[in-house]
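So this one's data.cif, mmCIF, C-alpha atoms:
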data_upload
loop_
_atom_site.label_atom_id
_atom_site.label_comp_id
_atom_site.auth_asym_id
_atom_site.auth_seq_id
_atom_site.Cartn_x
_atom_site.Cartn_y
_atom_site.Cartn_z
CA MET B 344 -24.63 18.90 28.51
CA ARG B 345 -23.64 19.43 24.89
CA PHE B 346 -20.12 19.87 23.60
CA ASP B 347 -20.61 19.16 19.91
CA TRP B 348 -20.23 22.90 19.23
CA ILE B 349 -16.50 22.61 19.94
CA ALA B 350 -15.95 21.02 16.53
CA LYS B 351 -17.22 24.23 14.89
CA TYR B 352 -15.74 26.80 17.23
CA TRP B 353 -12.36 25.29 18.06
CA PRO B 354 -10.42 27.71 15.78
CA LEU B 355 -12.03 30.63 17.62
CA LEU B 356 -11.29 28.99 20.96
CA ILE B 357 -7.62 28.64 20.04
CA ASP B 358 -7.42 32.25 18.85
CA GLY B 359 -9.14 33.38 22.03
CA ALA B 360 -6.70 31.42 24.16
CA ILE B 361 -3.79 33.00 22.28
CA GLN B 362 -5.24 36.46 22.86
CA THR B 363 -5.65 35.74 26.58
CA ILE B 364 -2.14 34.38 26.97
CA SER B 365 -0.70 37.26 24.95
CA LEU B 366 -2.37 39.82 27.19
CA LEU B 367 -1.06 38.02 30.25
CA VAL B 368 2.52 37.71 28.99
CA ILE B 369 2.74 41.31 27.74
CA SER B 370 1.26 42.86 30.86
CA VAL B 371 3.32 40.73 33.25
CA CYS B 372 6.68 41.10 31.47
CA VAL B 373 6.46 44.80 30.64
CA GLY B 374 4.66 45.61 33.89
CA PHE B 375 7.35 43.90 35.96
CA VAL B 376 10.08 45.95 34.29
CA LEU B 377 8.14 49.14 35.04
CA ALA B 378 7.59 47.96 38.60
CA ILE B 379 11.32 47.62 39.18
CA GLY B 380 11.83 51.27 38.27
CA LEU B 381 8.88 52.38 40.39
CA ALA B 382 10.07 50.37 43.37
CA PHE B 383 13.60 51.75 43.25
CA ALA B 384 12.19 55.26 42.88
CA GLN B 385 10.38 54.79 46.18
CA VAL B 386 13.29 53.14 47.98
CA SER B 387 16.31 55.11 46.81
CA GLY B 388 15.00 57.91 44.59
CA GLY B 389 14.81 61.62 45.29
CA LEU B 390 11.86 63.38 46.83
CA LEU B 391 10.16 64.10 43.50
CA SER B 392 10.55 60.63 42.00
CA ARG B 393 9.52 59.02 45.30
CA ASN B 394 6.34 61.05 45.53
CA LEU B 395 5.48 60.55 41.85
CA SER B 396 5.95 56.81 42.16
CA ARG B 397 3.79 56.62 45.28
CA ALA B 398 1.08 58.74 43.66
CA TYR B 399 1.10 56.49 40.60
CA CYS B 400 0.76 53.33 42.68
CA THR B 401 -1.93 54.84 44.90
CA PHE B 402 -4.03 55.95 41.94
CA LEU B 403 -3.72 52.71 39.94
CA ARG B 404 -4.29 50.49 42.97
CA GLY B 405 -7.14 52.67 44.24
CA THR B 406 -9.29 52.62 41.10
CA PRO B 407 -10.98 49.62 39.44
CA LEU B 408 -9.14 48.11 36.50
CA LEU B 409 -12.32 48.22 34.42
CA ILE B 410 -12.56 52.00 34.82
CA GLN B 411 -8.89 52.40 33.89
CA LEU B 412 -9.46 50.29 30.79
CA TRP B 413 -12.51 52.29 29.73
CA LEU B 414 -10.77 55.62 30.36
CA LEU B 415 -8.00 54.55 28.01
CA TYR B 416 -10.19 52.98 25.35
CA TYR B 417 -13.10 55.43 25.26
CA GLY B 418 -11.12 58.47 26.43
CA VAL B 419 -7.63 58.36 24.94
CA GLY B 420 -8.83 56.13 22.11
CA SER B 421 -11.36 58.73 20.97
CA LEU B 422 -8.65 61.40 20.87
CA LEU B 423 -6.08 59.46 18.86
CA PRO B 424 -7.85 59.92 15.48
CA LEU B 425 -7.52 63.68 16.01
CA VAL B 426 -3.71 63.50 15.99
CA PRO B 427 -2.55 64.76 12.58
CA GLY B 428 -1.12 62.05 10.36
CA LEU B 429 -1.68 59.22 12.84
CA ARG B 430 -4.29 57.48 10.71
CA GLN B 431 -1.81 57.30 7.83
CA SER B 432 1.08 56.05 9.96
CA PHE B 433 2.18 52.44 10.38
CA LEU B 434 1.12 52.62 14.04
CA TRP B 435 -2.58 53.09 13.31
CA PRO B 436 -3.41 49.39 12.72
CA ILE B 437 -2.11 48.75 16.24
CA LEU B 438 -3.47 51.83 18.00
CA ARG B 439 -7.00 51.40 16.69
CA GLU B 440 -7.39 47.92 18.19
CA GLY B 441 -8.87 47.25 21.60
CA PHE B 442 -6.04 44.80 22.27
CA PHE B 443 -3.56 47.68 22.44
CA PHE B 444 -5.57 49.55 25.07
CA ALA B 445 -6.19 46.37 27.06
CA ALA B 446 -2.47 45.55 27.06
CA VAL B 447 -1.53 49.07 28.14
CA SER B 448 -4.16 49.17 30.87
CA PHE B 449 -3.26 45.74 32.26
CA THR B 450 0.45 46.56 32.13
CA LEU B 451 0.13 49.85 34.02
CA ASN B 452 -2.12 48.27 36.63
CA PHE B 453 0.15 45.27 37.13
CA ALA B 454 3.18 47.56 37.48
CA ALA B 455 1.51 49.49 40.30
CA TYR B 456 0.81 46.37 42.35
CA GLN B 457 4.21 44.83 41.69
CA ALA B 458 5.99 48.07 42.60
CA VAL B 459 4.53 47.96 46.10
CA ILE B 460 5.49 44.30 46.48
CA LEU B 461 9.03 44.89 45.23
CA ARG B 462 9.43 47.94 47.44
CA GLY B 463 8.77 45.81 50.51
CA ALA B 464 11.09 43.10 49.21
CA LEU B 465 13.90 45.58 48.54
CA LEU B 466 13.62 46.91 52.07
CA SER B 467 13.70 43.32 53.39
CA VAL B 468 17.11 42.50 51.91
CA PRO B 469 19.62 42.31 54.79
CA LYS B 470 21.67 45.49 54.93
CA GLY B 471 24.77 43.44 55.70
CA GLU B 472 24.71 41.95 52.21
CA LEU B 473 24.52 45.39 50.63
CA GLU B 474 27.33 46.68 52.82
CA ALA B 475 29.45 43.67 51.90
CA GLY B 476 28.94 44.45 48.22
CA ARG B 477 29.98 48.05 48.73
CA ALA B 478 32.99 46.91 50.76
CA VAL B 479 34.38 44.87 47.85
CA GLY B 480 34.06 47.88 45.55
CA MET B 481 30.85 47.16 43.67
CA SER B 482 29.37 50.09 41.80
CA PRO B 483 25.75 51.01 42.60
CA PHE B 484 24.56 49.40 39.34
CA THR B 485 26.53 46.19 39.98
CA LEU B 486 25.24 46.06 43.54
CA VAL B 487 21.66 46.30 42.32
CA ARG B 488 22.18 43.80 39.52
CA ARG B 489 24.06 41.14 41.47
CA ILE B 490 22.75 41.41 45.03
CA TRP B 491 19.89 43.78 45.81
CA LEU B 492 17.42 43.06 43.01
CA PRO B 493 17.96 39.25 42.80
CA ARG B 494 17.52 38.89 46.57
CA ALA B 495 14.42 41.05 46.53
CA ILE B 496 12.87 39.05 43.70
CA ARG B 497 13.60 35.82 45.57
CA ILE B 498 11.87 37.19 48.66
CA ALA B 499 8.85 38.36 46.67
CA LEU B 500 8.59 35.34 44.37
CA PRO B 501 5.63 33.61 46.10
CA THR B 502 3.68 36.87 46.16
CA ILE B 503 4.54 37.58 42.52
CA ALA B 504 3.18 34.15 41.57
CA GLY B 505 -0.13 35.01 43.20
CA GLU B 506 -0.26 38.35 41.43
CA VAL B 507 0.32 36.71 38.05
CA VAL B 508 -2.63 34.40 38.69
CA LEU B 509 -4.78 37.39 39.64
CA GLN B 510 -3.65 39.11 36.45
CA LEU B 511 -4.78 36.08 34.46
CA LYS B 512 -8.21 36.30 36.05
CA SER B 513 -8.42 39.98 35.06
CA THR B 514 -7.97 39.30 31.34
CA PRO B 515 -11.70 38.68 30.63
CA LEU B 516 -12.21 42.43 31.15
CA ALA B 517 -10.64 42.88 27.70
CA PHE B 518 -13.91 41.55 26.30
CA THR B 519 -15.50 44.90 27.16
CA VAL B 520 -13.27 46.71 24.62
CA THR B 521 -13.91 44.34 21.70
CA VAL B 522 -10.94 42.04 22.31
CA MET B 523 -11.80 38.52 21.16
CA ASP B 524 -10.25 36.73 24.10
CA LEU B 525 -11.37 33.33 25.37
CA TYR B 526 -14.26 34.74 27.38
CA ALA B 527 -15.45 36.69 24.32
CA VAL B 528 -15.48 33.46 22.34
CA ALA B 529 -17.58 31.81 25.05
CA TYR B 530 -19.98 34.75 24.88
CA LYS B 531 -20.26 34.39 21.09
CA VAL B 532 -20.92 30.66 21.43
CA ARG B 533 -23.67 31.40 23.92
CA GLN B 534 -25.26 33.90 21.55
CA ASP B 535 -25.07 31.53 18.58
CA THR B 536 -26.12 28.30 20.26
CA LEU B 537 -28.06 29.50 23.33
CA LEU B 538 -25.80 27.29 25.44
CA VAL B 539 -24.79 28.95 28.70
CA TYR B 540 -22.96 26.50 30.94
CA GLU B 541 -20.95 24.48 28.44
CA PRO B 542 -18.89 27.39 26.97
CA LEU B 543 -18.27 28.79 30.44
CA LEU B 544 -17.17 25.35 31.64
CA VAL B 545 -14.64 25.09 28.81
CA VAL B 546 -13.29 28.57 29.67
CA THR B 547 -13.13 27.65 33.35
CA LEU B 548 -11.10 24.53 32.63
CA PHE B 549 -8.68 26.57 30.53
CA TYR B 550 -8.11 29.08 33.33
CA VAL B 551 -7.68 26.33 35.91
CA ALA B 552 -5.15 24.55 33.69
CA LEU B 553 -3.21 27.76 33.01
CA THR B 554 -3.23 28.65 36.70
CA ALA B 555 -1.76 25.23 37.49
CA VAL B 556 0.97 25.80 34.90
CA ILE B 557 1.81 29.20 36.39
CA ALA B 558 1.91 27.82 39.93
CA ARG B 559 4.16 24.91 38.95
CA SER B 560 6.45 27.19 36.96
CA PHE B 561 6.99 29.48 39.92
CA LYS B 562 7.55 26.53 42.25
CA PHE B 563 10.17 25.22 39.85
CA VAL B 564 11.91 28.62 39.77
CA GLU B 565 11.80 28.85 43.57
CA ALA B 566 13.36 25.40 43.85
CA GLN B 567 16.27 26.45 41.64
CA VAL B 568 17.12 29.51 43.74
CA PRO B 569 19.12 28.75 46.91
CA ILE B 570 17.73 30.21 50.12
CA ARG B 571 20.20 32.23 52.13
CA ARG B 572 19.54 33.09 55.75
#
Represent the supplied structure as structure tokens.
Amino acid sequence: MRFDWIAKYWPLLIDGAIQTISLLVISVCVGFVLAIGLAFAQVSGGLLSRNLSRAYCTFLRGTPLLIQLWLLYYGVGSLLPLVPGLRQSFLWPILREGFFFAAVSFTLNFAAYQAVILRGALLSVPKGELEAGRAVGMSPFTLVRRIWLPRAIRIALPTIAGEVVLQLKSTPLAFTVTVMDLYAVAYKVRQDTLLVYEPLLVVTLFYVALTAVIARSFKFVEAQVPIRR
């Protein structure tokens, strides 16, 4: 086993780790916000919004993430240069990068899964708590902000933690659209040095360490939230 190559490739490894973490943070944070809207659309929205939200979740959860990523990158990405003036705009340096399409794809996919989880959690909140909030004169927005959504998130927290870990393990797919994430760096090291196991072992240890950090972080958050029965 050789690890002397780390001295040469450590800047790339750090950049790759930053890319991986960035994809995870963006997709989880933005995707969770989208999931809240999708979940409420299914629980308390009208017929149209409820059906649209369900169709969105069914499609995104029913198709492989890799196909969604390629449809965005090779499909939508090939059409963007045809938009008049886009190449000259300040957005083009962002829109032409594979990172943008990977972030969008991961975000939309994560939102679909989280919406289903949050929907079940919202329906699990005791109706007595919601009725008590209405009885003291809370507006619908205040009721959601202070009772319904916080209780639902607390119920779903262990499942959300597992989904974040799964999202982390999906990030190597970004390699297929030219994103230089950590797995892409390992692939480059293998091409340059003909070493197979050592780069993959380094990547594996990184993912294991990051998974442990995520798990501990969620356990800490769970411990801070009182359980009401």
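Proximity to Trp348 (chain B) at 10 Å, evaluated using only C-alpha atoms and with sequence-adjacent residues fewer than 2 positions away removed, yields Arg345, Phe346, Ala350, Lys351, Tyr352, Trp353, Val532, Asp535, Thr536, Leu538, Glu541 and Pro542 of chain B.
By only C-alpha atoms, and with residues fewer than 3 positions from Leu466 (chain B) along its chain excluded, the set lying at most 8 Å from it is Val386, Arg462 and Gly463 of chain B.
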Next item on the list: Excluding Phe443 (chain B) and residues on its chain fewer than 5 positions from it, collect all residues at most 12 Å away from it, counting only C-alpha atoms, and give them as number ranges by chain.
Entry: B: 362, 365-366, 369-370, 412, 415-416, 419-420, 434-438, 448-450, 517, 520-522
Check: Which one of B:Leu381, B:Leu423, B:Ala445, B:Leu548 sits closest to Cys400 (chain B) if you count only C-alpha atoms?
Finding: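 When distances to Cys400 (chain B) are compared using only C-alpha atoms, the smallest one comes from B:Leu381.
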Note to self: My list of candidates is B:Tyr540, B:Trp491, B:Tyr550, B:Phe484. Which is closest to Pro469 (chain B) when distances are computed with only C-alpha atoms?
What the structure shows: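 Closest to Pro469 (chain B) of all the choices is B:Trp491.
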Notebook entry, point to check: With only C-alpha atoms as the basis for distance, which of B:Leu409, B:Ile498, B:Val376, B:Ala504 is at the shortest distance from Phe518 (chain B)?
Noted result: B:Leu409
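Between CA of Val447 (chain B) and CA of Arg494 (chain B) the interatomic distance comes to 28.4 Å.
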Next item on the list: Using only C-alpha atoms, pick whichever of B:Leu544, B:Ala455, B:Ala566, B:Ala558 has the shortest atom-to-atom distance to Phe402 (chain B).
Entry: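 Distance minimum relative to Phe402 (chain B) lands on B:Ala455.
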Next item on the list: Pull the neighbourhood of (23.7, 44.0, 47.7) for me: all residues within 6 Å in file coordinates, counting all atoms listed in the file, as a PyMOL selection string.
Entry: chain B and resi 472-473+476+486+490-491
Margin query: Ranking B:Leu414, B:Asn452, B:Thr401, B:Leu492 by minimum distance to Gly380 (chain B) and counting only C-alpha atoms, which one comes first?
Written below: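 Closest to Gly380 (chain B) of all the choices is B:Leu492.
Between CA of Leu391 (chain B) and CA of Ser467 (chain B) there is a distance of 23.3 Å.
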Check: Interatomic distance between CA of Ala384 (chain B) and CA of Arg397 (chain B)?
Finding: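 For CA of Ala384 (chain B) relative to CA of Arg397 (chain B), the distance reads 8.8 Å.
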Next item on the list: Could you check which of B:Arg430, B:Tyr399, B:Glu440, B:Val487 is closest to Ser387 (chain B), using all atoms listed in the file?
Entry: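 Smallest distance to Ser387 (chain B) is found for B:Val487.
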Apply the PyMOL selection byres ((chain B and resi 553) around 12) to the structure shown and report the selected residues as a short mmCIF file (atom, residue, chain, number, x, y, z; two decimals) with C-alpha atoms, keeping the file's coordinate frame.
data_model
loop_
_atom_site.label_atom_id
_atom_site.label_comp_id
_atom_site.auth_asym_id
_atom_site.auth_seq_id
_atom_site.Cartn_x
_atom_site.Cartn_y
_atom_site.Cartn_z
CA ALA B 360 -6.70 31.42 24.16
CA ILE B 361 -3.79 33.00 22.28
CA THR B 363 -5.65 35.74 26.58
CA ILE B 364 -2.14 34.38 26.97
CA LEU B 367 -1.06 38.02 30.25
CA VAL B 507 0.32 36.71 38.05
CA VAL B 508 -2.63 34.40 38.69
CA LEU B 509 -4.78 37.39 39.64
CA GLN B 510 -3.65 39.11 36.45
CA LEU B 511 -4.78 36.08 34.46
CA LYS B 512 -8.21 36.30 36.05
CA VAL B 546 -13.29 28.57 29.67
CA THR B 547 -13.13 27.65 33.35
CA LEU B 548 -11.10 24.53 32.63
CA PHE B 549 -8.68 26.57 30.53
CA TYR B 550 -8.11 29.08 33.33
CA VAL B 551 -7.68 26.33 35.91
CA ALA B 552 -5.15 24.55 33.69
CA THR B 554 -3.23 28.65 36.70
CA ALA B 555 -1.76 25.23 37.49
CA VAL B 556 0.97 25.80 34.90
CA ILE B 557 1.81 29.20 36.39
CA ALA B 558 1.91 27.82 39.93
CA ARG B 559 4.16 24.91 38.95
CA SER B 560 6.45 27.19 36.96
#
